[in-house]
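S.K.: Got a structure for you, target19.txt, holding compact mmCIF, C-alpha atoms.
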# COMPACT_ATOMS: atom_id res chain seq x y z
CA MET Y 1 6.18 20.11 5.23
CA GLU Y 2 4.27 19.13 2.08
CA ASP Y 3 7.45 19.51 0.00
CA LYS Y 4 9.26 17.16 2.38
CA LYS Y 5 6.49 14.58 2.05
CA VAL Y 6 6.67 14.76 -1.74
CA ALA Y 7 10.45 14.46 -1.66
CA ARG Y 8 10.26 11.37 0.60
CA ALA Y 9 7.60 9.82 -1.64
CA GLU Y 10 9.70 10.41 -4.75
CA ARG Y 11 12.79 8.92 -3.07
CA PHE Y 12 10.72 5.83 -2.29
CA ILE Y 13 9.57 5.72 -5.94
CA ALA Y 14 13.17 6.08 -7.15
CA TYR Y 15 14.30 3.16 -4.98
CA SER Y 16 11.27 1.09 -6.02
CA ARG Y 17 12.19 1.73 -9.66
CA GLU Y 18 15.81 0.77 -8.92
CA ILE Y 19 14.83 -2.69 -7.62
CA ASP Y 20 12.09 -3.12 -10.24
CA ALA Y 21 9.30 -3.04 -7.66
CA LEU Y 22 7.56 -0.18 -9.44
CA LYS Y 23 7.34 -1.36 -13.02
CA LEU Y 24 6.56 0.75 -16.06
CA VAL Y 25 4.77 -1.33 -18.69
CA PRO Y 26 4.52 0.44 -22.10
CA GLU Y 27 2.36 -2.34 -23.54
CA GLY Y 28 0.09 -2.42 -20.47
CA ARG Y 29 -0.65 -5.11 -17.91
CA LEU Y 30 -4.09 -6.49 -17.08
CA LEU Y 31 -5.01 -6.02 -13.42
CA LYS Y 32 -7.38 -8.09 -11.26
CA SER Y 33 -9.88 -5.25 -11.70
CA GLY Y 34 -9.87 -5.83 -15.49
CA ARG Y 35 -8.13 -2.51 -16.18
CA LEU Y 36 -5.08 -2.34 -18.47
CA SER Y 37 -2.44 -0.45 -16.52
CA TYR Y 38 0.89 1.01 -17.63
CA HIS Y 39 2.35 1.02 -14.12
CA PHE Y 40 2.46 -1.78 -11.59
CA PHE Y 41 3.71 -1.94 -8.00
CA ASP Y 42 5.10 -5.31 -6.86
CA SER Y 43 6.13 -5.33 -3.20
CA GLY Y 44 7.45 -8.87 -3.73
CA ARG Y 45 10.55 -7.26 -5.27
CA PHE Y 46 11.49 -5.97 -1.83
CA SER Y 47 13.23 -9.30 -1.35
CA SER Y 48 16.60 -8.47 0.20
CA SER Y 49 17.47 -7.47 3.74
CA GLU Y 50 18.30 -3.93 2.60
CA ALA Y 51 15.09 -3.55 0.61
CA VAL Y 52 12.87 -4.92 3.37
CA LYS Y 53 14.55 -2.64 5.92
CA ARG Y 54 13.94 0.42 3.73
CA MET Y 55 10.32 -0.46 3.04
CA ALA Y 56 9.58 -1.28 6.68
CA SER Y 57 11.10 2.02 7.83
CA GLU Y 58 8.85 3.94 5.40
CA TYR Y 59 5.74 2.14 6.68
CA ALA Y 60 6.84 2.77 10.27
CA ARG Y 61 7.33 6.47 9.57
CA ILE Y 62 3.81 6.79 8.13
CA ILE Y 63 2.38 4.90 11.11
CA ALA Y 64 4.31 7.06 13.59
CA GLU Y 65 2.97 10.21 11.94
CA ASN Y 66 -0.66 9.10 11.92
CA PHE Y 67 -1.30 6.39 14.52
CA ARG Y 68 0.44 7.49 17.71
CA GLU Y 69 -0.59 9.59 20.67
CA GLY Y 70 2.52 10.55 22.58
CA ASN Y 71 4.58 7.36 22.83
CA ARG Y 72 1.57 5.07 22.61
CA PRO Y 73 0.18 3.53 19.42
CA THR Y 74 -3.52 4.03 18.66
CA PHE Y 75 -3.77 0.37 17.64
CA ASP Y 76 -3.26 -2.99 19.37
CA LEU Y 77 -1.86 -5.07 16.51
CA LEU Y 78 -0.95 -5.10 12.84
CA TYR Y 79 -2.78 -7.35 10.36
CA GLY Y 80 -1.33 -8.21 6.95
CA PRO Y 81 -3.67 -10.00 4.52
CA PRO Y 82 -2.25 -12.85 2.42
CA TYR Y 83 0.06 -12.94 0.72
CA LYS Y 84 1.93 -9.65 0.42
CA GLY Y 85 0.71 -8.35 3.77
CA THR Y 86 1.89 -11.55 5.47
CA LEU Y 87 5.47 -10.71 4.50
CA LEU Y 88 5.17 -7.05 5.49
CA VAL Y 89 3.89 -7.08 9.06
CA SER Y 90 6.85 -8.64 10.87
CA PRO Y 91 9.59 -6.24 9.61
CA ILE Y 92 7.23 -3.28 10.11
CA ALA Y 93 6.64 -4.37 13.72
CA MET Y 94 10.41 -4.49 14.23
CA ALA Y 95 10.83 -1.03 12.63
CA LEU Y 96 8.15 0.38 14.94
CA ASP Y 97 9.93 -1.14 17.93
CA ALA Y 98 13.11 0.62 16.80
CA LEU Y 99 11.16 3.91 16.71
CA GLY Y 100 10.24 3.53 20.36
CA PHE Y 101 6.79 1.96 20.06
CA GLY Y 102 7.84 -1.00 22.19
CA LYS Y 103 6.40 -4.47 21.65
CA ILE Y 104 4.14 -4.60 18.60
CA ASP Y 105 1.90 -7.62 17.99
CA PHE Y 106 1.03 -8.73 14.47
CA CYS Y 107 -0.90 -11.39 12.59
CA SER Y 108 -1.97 -12.62 9.18
CA SER Y 109 -4.19 -15.35 7.74
CA ARG Y 110 -4.38 -18.08 5.15
CA LYS Y 111 -6.55 -18.00 2.04
CA GLU Y 112 -7.69 -21.57 2.69
CA ARG Y 113 -8.65 -23.02 6.06
CA LYS Y 114 -6.08 -25.47 7.47
CA SER Y 115 -7.62 -28.71 8.73
CA HIS Y 116 -4.55 -30.10 10.51
CA GLY Y 117 -1.96 -28.80 12.98
CA GLU Y 118 -3.18 -25.59 14.61
CA GLY Y 119 -6.02 -25.45 12.05
CA GLY Y 120 -8.16 -22.53 10.96
CA LEU Y 121 -7.28 -19.43 8.94
CA HIS Y 122 -5.54 -17.20 11.46
CA ILE Y 123 -1.77 -16.91 11.94
CA GLY Y 124 -0.07 -15.02 14.77
CA THR Y 125 -1.49 -12.87 17.56
CA PRO Y 126 -5.23 -13.52 18.00
CA ILE Y 127 -7.69 -10.79 17.09
CA ASN Y 128 -9.88 -10.48 20.17
CA LYS Y 129 -13.13 -8.64 20.69
CA GLY Y 130 -12.36 -4.94 20.77
CA SER Y 131 -8.80 -5.31 19.40
CA ARG Y 132 -7.82 -2.19 17.45
CA VAL Y 133 -6.32 -3.47 14.21
CA LEU Y 134 -4.15 -1.54 11.76
CA ILE Y 135 -4.25 -3.10 8.28
CA ILE Y 136 -0.99 -3.33 6.31
CA ASP Y 137 -1.00 -4.02 2.56
CA ASP Y 138 0.99 -3.10 -0.54
CA VAL Y 139 -1.48 -1.32 -2.86
CA ILE Y 140 -5.08 -0.20 -3.16
CA THR Y 141 -6.74 -0.22 -6.59
CA ASP Y 142 -10.53 -0.54 -6.49
CA GLY Y 143 -10.78 -1.35 -2.77
CA GLY Y 144 -12.58 -4.70 -3.20
CA THR Y 145 -10.05 -6.88 -1.41
CA LYS Y 146 -9.72 -4.36 1.43
CA ARG Y 147 -13.44 -4.71 2.18
CA GLU Y 148 -12.89 -8.46 2.56
CA VAL Y 149 -10.11 -7.71 5.05
CA VAL Y 150 -12.37 -5.49 7.14
CA GLU Y 151 -15.03 -8.20 7.30
CA TYR Y 152 -12.40 -10.77 8.30
CA ILE Y 153 -11.23 -8.59 11.20
CA ARG Y 154 -14.80 -7.88 12.28
CA SER Y 155 -15.62 -11.60 12.24
CA TYR Y 156 -13.28 -11.97 15.24
CA GLY Y 157 -14.72 -8.90 16.97
CA GLY Y 158 -11.78 -6.71 16.00
CA VAL Y 159 -12.05 -3.00 15.18
CA PRO Y 160 -10.17 -1.82 12.06
CA VAL Y 161 -8.65 1.60 12.79
CA GLY Y 162 -6.67 2.32 9.62
CA LEU Y 163 -5.12 1.06 6.41
CA ILE Y 164 -1.51 1.66 5.35
CA VAL Y 165 -0.34 0.89 1.81
CA ALA Y 166 2.93 1.45 -0.01
CA PHE Y 167 1.32 2.75 -3.21
CA ASN Y 168 -2.07 4.39 -3.74
CA ARG Y 169 -3.07 4.05 -7.39
CA GLU Y 170 -5.67 6.82 -6.87
CA GLU Y 171 -8.30 5.03 -8.95
CA ARG Y 172 -12.07 5.22 -8.82
CA GLY Y 173 -13.94 2.64 -6.83
CA THR Y 174 -17.50 1.79 -7.81
CA GLY Y 175 -18.57 5.40 -8.39
CA THR Y 176 -16.96 8.78 -9.00
CA LEU Y 177 -14.98 8.81 -5.76
CA SER Y 178 -11.58 7.19 -5.46
CA ALA Y 179 -11.35 3.71 -3.93
CA VAL Y 180 -9.64 5.33 -0.93
CA GLN Y 181 -12.40 7.92 -0.51
CA GLU Y 182 -15.08 5.22 -0.76
CA PHE Y 183 -13.26 3.02 1.74
CA GLU Y 184 -12.78 5.88 4.20
CA ARG Y 185 -16.41 6.94 3.91
CA GLU Y 186 -17.80 3.40 4.22
CA TYR Y 187 -15.71 2.32 7.21
CA ALA Y 188 -14.80 5.68 8.78
CA ILE Y 189 -11.12 4.77 9.00
CA PRO Y 190 -8.18 6.62 7.42
CA VAL Y 191 -6.03 5.34 4.57
CA CYS Y 192 -2.39 6.43 4.34
CA ALA Y 193 0.17 5.71 1.62
CA ILE Y 194 3.93 6.03 1.28
CA ALA Y 195 3.54 7.19 -2.34
CA THR Y 196 0.75 7.85 -4.84
CA LEU Y 197 0.16 7.89 -8.58
CA ALA Y 198 0.51 11.68 -8.52
CA ASN Y 199 3.98 11.25 -6.97
CA LEU Y 200 4.90 8.76 -9.70
CA ILE Y 201 3.80 11.07 -12.52
CA SER Y 202 5.69 14.00 -10.98
CA PHE Y 203 8.80 11.85 -10.60
CA LEU Y 204 8.64 10.64 -14.22
CA GLU Y 205 8.01 14.11 -15.61
CA LYS Y 206 11.18 15.33 -13.91
CA SER Y 207 13.13 12.58 -15.67
CA ILE Y 208 12.18 13.91 -19.11
CA THR Y 209 15.06 16.13 -20.19
CA GLY Y 210 13.26 18.03 -22.94
CA SER Y 211 15.67 16.72 -25.56
CA HIS Y 212 14.63 14.60 -28.53
CA ASP Y 213 16.69 11.52 -27.66
CA ALA Y 214 14.97 8.15 -27.80
CA GLY Y 215 14.83 7.77 -24.00
CA SER Y 216 13.08 11.08 -23.40
CA ILE Y 217 10.63 10.50 -26.25
CA ALA Y 218 9.75 7.02 -24.96
CA MET Y 219 9.31 8.32 -21.42
CA GLY Y 220 7.13 11.16 -22.66
CA VAL Y 221 4.89 8.67 -24.49
CA LEU Y 222 4.66 6.48 -21.39
CA VAL Y 223 3.80 9.40 -19.10
CA HIS Y 224 1.07 10.37 -21.58
CA LYS Y 225 -0.34 6.82 -21.37
CA ILE Y 226 -0.29 6.87 -17.57
CA CYS Y 227 -2.02 10.27 -17.51
CA ALA Y 228 -4.64 8.97 -19.95
CA TYR Y 229 -5.16 5.98 -17.66
CA ARG Y 230 -5.64 8.36 -14.73
CA GLU Y 231 -8.14 10.37 -16.79
CA GLN Y 232 -10.09 7.20 -17.57
CA TYR Y 233 -9.99 5.49 -14.16
CA GLY Y 234 -8.92 8.18 -11.70
CA ALA Y 235 -11.26 9.84 -9.24
CA LYS Y 236 -12.95 12.99 -10.53
Now, as a test, write the supplied structure out as structure tokens.
M.R.:
Amino acid sequence: MEDKKVARAERFIAYSREIDALKLVPEGRLLKSGRLSYHFFDSGRFSSSEAVKRMASEYARIIAENFREGNRPTFDLLYGPPYKGTLLVSPIAMALDALGFGKIDFCSSRKERKSHGEGGLHIGTPINKGSRVLIIDDVITDGGTKREVVEYIRSYGGVPVGLIVAFNREERGTGTLSAVQEFEREYAIPVCAIATLANLISFLEKSITGSHDAGSIAMGVLVHKICAYREQYGAK
């Protein structure tokens, strides 16, 4: 079973690389956290009908494996924080419907309060008191923005029950634990990912042929940089 999960994760990584959603950056890219990273996941590159369908089906599979009892979901609605999550929740709801979940409600929010029209921050199905909310986002790095999401849901009386991301960077949070471990411990809700940094490193290592051609040498150098990054910022 574990081998199948790894194989599925690596297929997702291969497709993400194909559409340039999972970027390898030899010179490094500065993240919001202030860390210089040599890999970067951009769910915005899933911008065609085929790509969105593939991504949504992977999210739906993870949700079906972890947030269903029989034929019933263990959540009442999906919430996608702005802006990447806003784009994700509707196709994921449709993919879950196709898996037999039935009608799935979803919502998102604005970053700035709207003072005209319907007003406010919220978009979509209301979060009511006691609503079980499954959070959908693209990545988790240090966990800071996810804490803001939890507080937003709680401000409406909702109950966060889980977090699903496409890519878990497996980085430390504020201490020695990973951001995921800190988040799970603080809020007592599970975090699931389609693929992880470990899956990426394994996938890249398999692409190194062992020859001394320029491509293999460059990839070997890049993998070394990514591993060094994991050593510096990864959970112990």
S.K.: Do you know which residues lie at most 7 Å from (-6.3, -3.2, 18.4), with coordinates as in the file and all atoms listed in the file counted, and could you write them as an NGL selection string?
M.R.: :Y and (75-77 or 130-133 or 158-159)
S.K.: Go ahead and compute the interatomic distance for CA of Met219 in chain Y and CA of Pro26 in chain Y, in Å to one decimal.
M.R.: 9.2 Å
S.K.: With all atoms listed in the file as the basis for distance, which of Y:Lys146, Y:Asn199, Y:Pro190, Y:Ile208 is at the shortest distance from Glu10 in chain Y?
M.R.: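 With all atoms listed in the file as the atom set, the closest residue is Y:Asn199.
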S.K.: In file coordinates, which residues lie within 12 Å of (6.4, -15.2, 2.9) using only C-alpha atoms, given as number ranges by chain?
M.R.: Y: 43-44, 46-47, 80-91, 108-110
S.K.: What's around Leu31 in chain Y at 12 Å? Count all atoms listed in the file, leave out sequence neighbours fewer than 3 positions away in its own chain, and write the answer as a list in words.
M.R.: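 Everything that qualifies: Gly28, Gly34, Arg35, Leu36, Ser37, Tyr38, His39, Phe40, Phe41, Ile140, Thr141, Asp142 and Arg169 of chain Y.
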